[in-house]
Amino acid sequence: PIKAFLFDLDGVIVDTATYHYQAWKRLANELGFDISEEFNERLKGVSRMESLDIILAHGGLTVSDEQKAELAEQKNQWYLDLVGRMTSEDILPGVATFFSQVRKANLLTALGSVSKNAPLILERIGMSQAFDAIIDGTKISKGKPDPEVFLKGAAELEVSPAECVVFEDAVAGVEAGKRGGMFVVGIGSPDVLTQADLVAPSLDGLTVDEVLAATVA
Ligand code: G6P
Ligand code: MG
């Protein structure tokens, strides 16, 4: 039986995926090229430094490690400017209702995010206490699609991977959940999240019963 729900943060609980994209786009533009929204799908769930590598390769640029650190820092500053203005109003529609259903069903919850800024974002939106376990970018050595972030979440909750459902908006995140041996609910489009076991456009309107029913179907 399912005992725990593991949630990605960016793009599932809050729309910071847009902020990451804005900040990376600004960086790319300053470097003399552009990144499309479609290209951005490849960056979702991927760590800061790996994202930068993908972007630099896309622009055909090679830079020193020192410059790379500066570029990543610049992007993060722009990103933090956007995050700094967030409030509980930025929690995505349906999250509050879904979480109250999760509590009623006595399911455990964990956050599974590759972001080093995850604790700050949770604080901004008033959800620091909403999870039984929090795994963020400071607690892992491998970003998604490696399953580490979700396996650590399951371990901290003392449940097995087969007892977990992952909620993910990123192609890399869906892959991480599947590689971890978990049931994965994709949040977004079925055309993009092809590996997910179930796909919903958002948590809004999704019910815990529906998810649990799908895991036994
Ligand atoms: C999440 C986002 C990625 C981001 C990564 C690292 O996984 O989906 O777009 O690159 O976190 O975020 P950070 O806040 O540490 O730069
Ligand atoms: Mg995400």
# chains A, B, ... in the order shown; residues from 1 in each chain; ligands from 1
call {"tool": "residues_around", "arguments": {"residues": "Gln129 in chain A", "least_positions_apart": "4", "cutoff": "12 Å", "atoms": "only C-alpha atoms", "output": "PyMOL selection string"}}
result
chain A and resi 109-111+119+122-125+133-134
call {"tool": "closest_atom_pairs", "arguments": {"of": "range 71-177 of chain A", "to": "range 58-67 of chain A", "cutoff": "10 Å", "atoms": "only C-alpha atoms", "output": "Markdown table"}}
result
| residue | atom | partner | partner_atom | distance |
| --- | --- | --- | --- | --- |
| A:Leu71 | CA | A:Gln67 | CA | 6.1 |
| A:Ala72 | CA | A:Gln67 | CA | 8.6 |
| A:Glu73 | CA | A:Gln67 | CA | 9.7 |
call {"tool": "residues_near_ligand", "arguments": {"ligand": "ligand 2", "cutoff": "7 Å", "atoms": "only C-alpha atoms and all ligand atoms", "output": "ChimeraX atom specification"}}
result
/A:8-12,17,44-45,168-170
call {"tool": "residues_around", "arguments": {"residues": "Ala57 in chain A", "least_positions_apart": "5", "cutoff": "12 Å", "atoms": "only C-alpha atoms", "output": "list in words"}}
result
Ala28, Phe33, Ile35, Glu50, Ser51, Leu52, Thr62 and Val63 of chain A
call {"tool": "write_last_selection", "arguments": {"atoms": "N, CA and C atoms", "output": "PDB file, in the first residue's frame"}}
result
ATOM      1  N   ALA A  28      21.604  33.892 -20.791  1.00  0.00           N
ATOM      2  CA  ALA A  28      21.899  33.500 -22.181  1.00  0.00           C
ATOM      3  C   ALA A  28      21.924  34.734 -23.075  1.00  0.00           C
ATOM      4  N   PHE A  33      23.036  34.777 -26.921  1.00  0.00           N
ATOM      5  CA  PHE A  33      22.128  33.838 -27.580  1.00  0.00           C
ATOM      6  C   PHE A  33      20.825  33.740 -26.782  1.00  0.00           C
ATOM      7  N   ILE A  35      17.399  31.156 -25.272  1.00  0.00           N
ATOM      8  CA  ILE A  35      16.904  29.800 -25.013  1.00  0.00           C
ATOM      9  C   ILE A  35      15.377  29.831 -25.081  1.00  0.00           C
ATOM     10  N   GLU A  50      24.776  21.902 -13.629  1.00  0.00           N
ATOM     11  CA  GLU A  50      24.488  21.092 -14.820  1.00  0.00           C
ATOM     12  C   GLU A  50      23.640  21.878 -15.816  1.00  0.00           C
ATOM     13  N   SER A  51      22.714  22.677 -15.295  1.00  0.00           N
ATOM     14  CA  SER A  51      21.892  23.526 -16.168  1.00  0.00           C
ATOM     15  C   SER A  51      22.794  24.490 -16.935  1.00  0.00           C
ATOM     16  N   LEU A  52      23.737  25.093 -16.216  1.00  0.00           N
ATOM     17  CA  LEU A  52      24.661  26.041 -16.861  1.00  0.00           C
ATOM     18  C   LEU A  52      25.459  25.343 -17.961  1.00  0.00           C
ATOM     19  N   THR A  62      32.605  27.940 -24.450  1.00  0.00           N
ATOM     20  CA  THR A  62      33.428  27.249 -23.455  1.00  0.00           C
ATOM     21  C   THR A  62      34.000  28.333 -22.546  1.00  0.00           C
ATOM     22  N   VAL A  63      33.832  28.166 -21.250  1.00  0.00           N
ATOM     23  CA  VAL A  63      34.359  29.165 -20.304  1.00  0.00           C
ATOM     24  C   VAL A  63      35.134  28.455 -19.190  1.00  0.00           C
TER      25      VAL A  63
END
call {"tool": "residues_near_ligand", "arguments": {"ligand": "ligand 1", "cutoff": "9 Å", "atoms": "only C-alpha atoms and all ligand atoms", "output": "ChimeraX atom specification"}}
result
/A:8-11,16-21,40-52,72,75-76,79-80,112-118,136-138,143-144,169-170,172-173
call {"tool": "write_last_selection", "arguments": {"atoms": "C-alpha atoms", "output": "short mmCIF file (atom, residue, chain, number, x, y, z; two decimals), in the first residue's frame"}}
result
data_model
loop_
_atom_site.label_atom_id
_atom_site.label_comp_id
_atom_site.auth_asym_id
_atom_site.auth_seq_id
_atom_site.Cartn_x
_atom_site.Cartn_y
_atom_site.Cartn_z
CA ASP A 8 8.93 18.20 -6.24
CA LEU A 9 8.85 21.94 -5.47
CA ASP A 10 9.53 24.01 -8.59
CA GLY A 11 6.56 23.63 -10.94
CA THR A 16 9.40 29.03 -9.66
CA ALA A 17 10.12 27.03 -12.85
CA THR A 18 9.17 30.28 -14.63
CA TYR A 19 11.64 32.26 -12.51
CA HIS A 20 14.46 29.81 -13.25
CA TYR A 21 13.66 30.15 -16.95
CA ASN A 40 13.93 24.97 -20.98
CA GLU A 41 12.17 21.60 -20.44
CA ARG A 42 15.66 20.05 -20.45
CA LEU A 43 16.71 22.24 -17.52
CA LYS A 44 13.81 21.41 -15.22
CA GLY A 45 14.89 19.31 -12.26
CA VAL A 46 18.53 19.60 -13.28
CA SER A 47 21.04 21.12 -10.82
CA ARG A 48 22.30 24.70 -11.17
CA MET A 49 25.76 23.79 -12.48
CA GLU A 50 24.49 21.09 -14.82
CA SER A 51 21.89 23.53 -16.17
CA LEU A 52 24.66 26.04 -16.86
CA ALA A 72 25.93 30.58 -11.90
CA LYS A 75 21.84 33.69 -12.43
CA ASN A 76 21.12 32.81 -8.81
CA TYR A 79 16.53 34.21 -9.46
CA LEU A 80 16.61 35.26 -5.78
CA GLY A 112 12.26 16.13 -3.04
CA SER A 113 13.94 19.08 -4.73
CA VAL A 114 17.35 19.53 -6.30
CA SER A 115 17.18 23.24 -5.45
CA LYS A 116 19.53 24.65 -2.84
CA ASN A 117 17.01 27.46 -2.46
CA ALA A 118 14.16 25.11 -1.49
CA ASP A 136 16.88 19.67 -0.97
CA GLY A 137 19.91 20.39 -3.13
CA THR A 138 22.19 20.69 -0.11
CA GLY A 143 20.57 15.75 -9.31
CA LYS A 144 17.58 14.29 -11.14
CA ASP A 169 6.65 18.42 -13.51
CA ALA A 170 10.10 17.71 -15.00
CA ALA A 172 14.26 14.45 -15.43
CA GLY A 173 12.19 14.26 -12.24
#
call {"tool": "atom_distance", "arguments": {"atom1": "CA of Arg179 in chain A", "atom2": "CA of Phe167 in chain A"}}
result
14.0 Å
call {"tool": "select_by_dssp", "arguments": {"residues": "range 35-195 of chain A", "states": "helix (DSSP H, G or I)", "output": "PyMOL selection string"}}
result
chain A and resi 37-40+48-58+65-83+88-90+95-104+118-124+148-157+161-163+171-179
call {"tool": "atom_distance", "arguments": {"atom1": "CA of Gln77 in chain A", "atom2": "CA of Trp24 in chain A"}}
result
11.0 Å
call {"tool": "select_by_dssp", "arguments": {"residues": "range 106-172 of chain A", "states": "strand (DSSP E or B)", "output": "PyMOL selection string"}}
result
chain A and resi 108-112+133-135+164-168
call {"tool": "write_last_selection", "arguments": {"atoms": "C-alpha atoms", "output": "compact mmCIF listing (two decimals), in the first residue's frame"}}
result
# COMPACT_ATOMS: atom_id res chain seq x y z
CA LEU A 108 3.47 10.89 4.99
CA THR A 109 4.95 13.69 2.90
CA ALA A 110 8.42 14.65 1.76
CA LEU A 111 9.83 17.38 -0.39
CA GLY A 112 12.26 16.13 -3.04
CA ALA A 133 10.89 15.30 5.56
CA ILE A 134 12.70 17.81 3.39
CA ILE A 135 15.38 16.73 0.93
CA CYS A 164 5.79 6.08 -2.50
CA VAL A 165 4.11 8.27 -5.07
CA VAL A 166 6.18 11.05 -6.65
CA PHE A 167 4.67 14.28 -8.03
CA GLU A 168 6.86 15.83 -10.72
call {"tool": "closest_residue", "arguments": {"among": "A:Leu107, A:Leu6, A:Leu206, A:Ile91", "to": "Ala176 in chain A", "atoms": "only C-alpha atoms"}}
result
A:Leu6
call {"tool": "atom_distance", "arguments": {"atom1": "CA of Leu193 in chain A", "atom2": "CA of Gly181 in chain A"}}
result
16.6 Å
call {"tool": "decode", "arguments": {"residues": "range 83-153 of chain A", "atoms": "C-alpha atoms", "output": "short mmCIF file (atom, residue, chain, number, x, y, z; two decimals), in the first residue's frame"}}
result
data_model
loop_
_atom_site.label_atom_id
_atom_site.label_comp_id
_atom_site.auth_asym_id
_atom_site.auth_seq_id
_atom_site.Cartn_x
_atom_site.Cartn_y
_atom_site.Cartn_z
CA VAL A 83 11.92 34.54 -5.24
CA GLY A 84 12.31 37.32 -2.66
CA ARG A 85 8.97 38.77 -3.72
CA MET A 86 7.09 35.49 -3.22
CA THR A 87 4.36 35.03 -0.60
CA SER A 88 1.80 32.34 0.23
CA GLU A 89 -0.22 33.80 -2.67
CA ASP A 90 2.29 32.12 -4.97
CA ILE A 91 1.35 28.61 -3.88
CA LEU A 92 -0.15 27.00 -6.98
CA PRO A 93 -3.93 26.46 -7.16
CA GLY A 94 -5.15 23.24 -5.58
CA VAL A 95 -2.07 22.65 -3.40
CA ALA A 96 -3.79 23.54 -0.11
CA THR A 97 -6.83 21.35 -0.84
CA PHE A 98 -4.65 18.47 -1.97
CA PHE A 99 -2.47 18.67 1.15
CA SER A 100 -5.48 18.61 3.45
CA GLN A 101 -6.66 15.43 1.69
CA VAL A 102 -3.17 13.96 2.09
CA ARG A 103 -3.29 14.62 5.84
CA LYS A 104 -6.77 13.15 6.17
CA ALA A 105 -5.56 10.00 4.40
CA ASN A 106 -2.71 9.74 6.96
CA LEU A 107 -0.06 9.73 4.27
CA LEU A 108 3.47 10.89 4.99
CA THR A 109 4.95 13.69 2.90
CA ALA A 110 8.42 14.65 1.76
CA LEU A 111 9.83 17.38 -0.39
CA GLY A 112 12.26 16.13 -3.04
CA SER A 113 13.94 19.08 -4.73
CA VAL A 114 17.35 19.53 -6.30
CA SER A 115 17.18 23.24 -5.45
CA LYS A 116 19.53 24.65 -2.84
CA ASN A 117 17.01 27.46 -2.46
CA ALA A 118 14.16 25.11 -1.49
CA PRO A 119 14.17 25.91 2.26
CA LEU A 120 14.09 29.64 1.49
CA ILE A 121 11.18 29.22 -0.90
CA LEU A 122 9.23 27.11 1.63
CA GLU A 123 9.78 29.85 4.20
CA ARG A 124 8.60 32.57 1.78
CA ILE A 125 5.36 30.71 1.05
CA GLY A 126 4.78 29.58 4.64
CA MET A 127 5.18 25.85 3.97
CA SER A 128 8.29 25.07 6.03
CA GLN A 129 6.21 22.91 8.36
CA ALA A 130 4.14 21.22 5.66
CA PHE A 131 6.43 18.20 5.10
CA ASP A 132 7.49 15.28 7.30
CA ALA A 133 10.89 15.30 5.56
CA ILE A 134 12.70 17.81 3.39
CA ILE A 135 15.38 16.73 0.93
CA ASP A 136 16.88 19.67 -0.97
CA GLY A 137 19.91 20.39 -3.13
CA THR A 138 22.19 20.69 -0.11
CA LYS A 139 21.48 17.09 0.96
CA ILE A 140 22.23 15.27 -2.28
CA SER A 141 25.22 14.68 -4.51
CA LYS A 142 23.39 13.76 -7.71
CA GLY A 143 20.57 15.75 -9.31
CA LYS A 144 17.58 14.29 -11.14
CA PRO A 145 17.31 12.08 -13.22
CA ASP A 146 19.33 10.24 -10.55
CA PRO A 147 16.81 8.87 -8.02
CA GLU A 148 18.93 9.92 -4.99
CA VAL A 149 16.68 12.80 -3.92
CA PHE A 150 13.56 10.59 -3.78
CA LEU A 151 15.32 7.56 -2.29
CA LYS A 152 16.62 9.80 0.51
CA GLY A 153 13.08 11.10 1.04
#
